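Input: a single structure, listed below in structure tokens.
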Amino acid sequence: MKIYDYACTCGTRFEAMIADTDQPAPACITCGNPTRRLVSAGAALLGHARLPATADAAPKSWEGTYRGDTEYIAKWRRTLDDRAKLEERHPELSVQRSPVVAHEGRYHAAPLTVDELASGSAIRPHSHPHPHPHPHPHPRPAP
């Protein structure tokens, strides 16, 4: 029997002992809905499995690829392909790849990304003394 981690759409996460990996995932212990098995971090801690590196770890320059070493580049392509397949099967492991457009001022705590800008969700209400949603230009203090 092995212990597996499961997650439900309601947000519940739990462990269950399963004898056969071909068994269907157990129902959620909170709401009874179907669940999905998560990637176990326990195997990685024991050294039996290692997640493929993300694109952030890949070389960013010509010198970083050992001046275009074809074997090194092929290794990184395989690694990044493996990571993409893993993220497709387990979306919780994927990393947001949208470039940041603004990160200062009101976007300091939650940077504005290209995806938000394109979707129209970039206009975020800011807090001010009166309760209406439109933004106000902030006057600059007199010198």
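In the structure tokens, each chain is lettered A, B, ... as it comes, each chain's residues begin at 1, and ligands are numbered from 1 in order of appearance.
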
Would you pick out the contacts of A:Thr12 at 10 Å or less, using only C-alpha atoms, so that residues sharing its chain but fewer than 2 positions from it are not included, and give the list as a ChimeraX atom specification? /A:6-10,14,28-31,35

Please provide as a ChimeraX atom specification all residues within 8 Å of A:Val100, with the sequence filter that same-chain residues fewer than 2 positions apart are discarded (counting only C-alpha atoms). /A:98,102-103,111-114

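For the pair atom CA of A:Ser61 and atom CA of A:Val95, the separation is 21.5 Å.
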
As a ChimeraX atom specification, please: the residues near A:Pro91 (cut-off 12 Å, only C-alpha atoms, same-chain neighbours under 4 positions excluded). /A:36-39,83-87,95-96

Report the residues of stretch 13-86 of chain A whose backbone DSSP state falls under strand (DSSP E or B), written as a PyMOL selection string. chain A and resi 13-18+35-37

Ranking A:Arg89, A:Glu71, A:Ala16, A:Leu117 by minimum distance to A:Val101 and counting only C-alpha atoms, which one comes first?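 That would be A:Leu117, the residue with the smallest distance to A:Val101.
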
So how many Å separate atom CA of A:Gln23 and atom CA of A:Asp5, to one decimal? 13.9 Å

Atomic distance atom CA of A:Leu80 - atom CA of A:Ala55, expressed in Å with one decimal: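 Between atom CA of A:Leu80 and atom CA of A:Ala55 the gap works out to 6.6 Å.
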
Using only C-alpha atoms, which residue out of A:Ala74, A:Ala19, A:His108, A:Glu88 lies closest to A:Ala58? A:Ala74

Those of stretch 57-129 of chain A in DSSP helix (DSSP H, G or I), formatted as a ChimeraX atom specification: /A:57,63-65,70-89,91-93,105-107,114-119
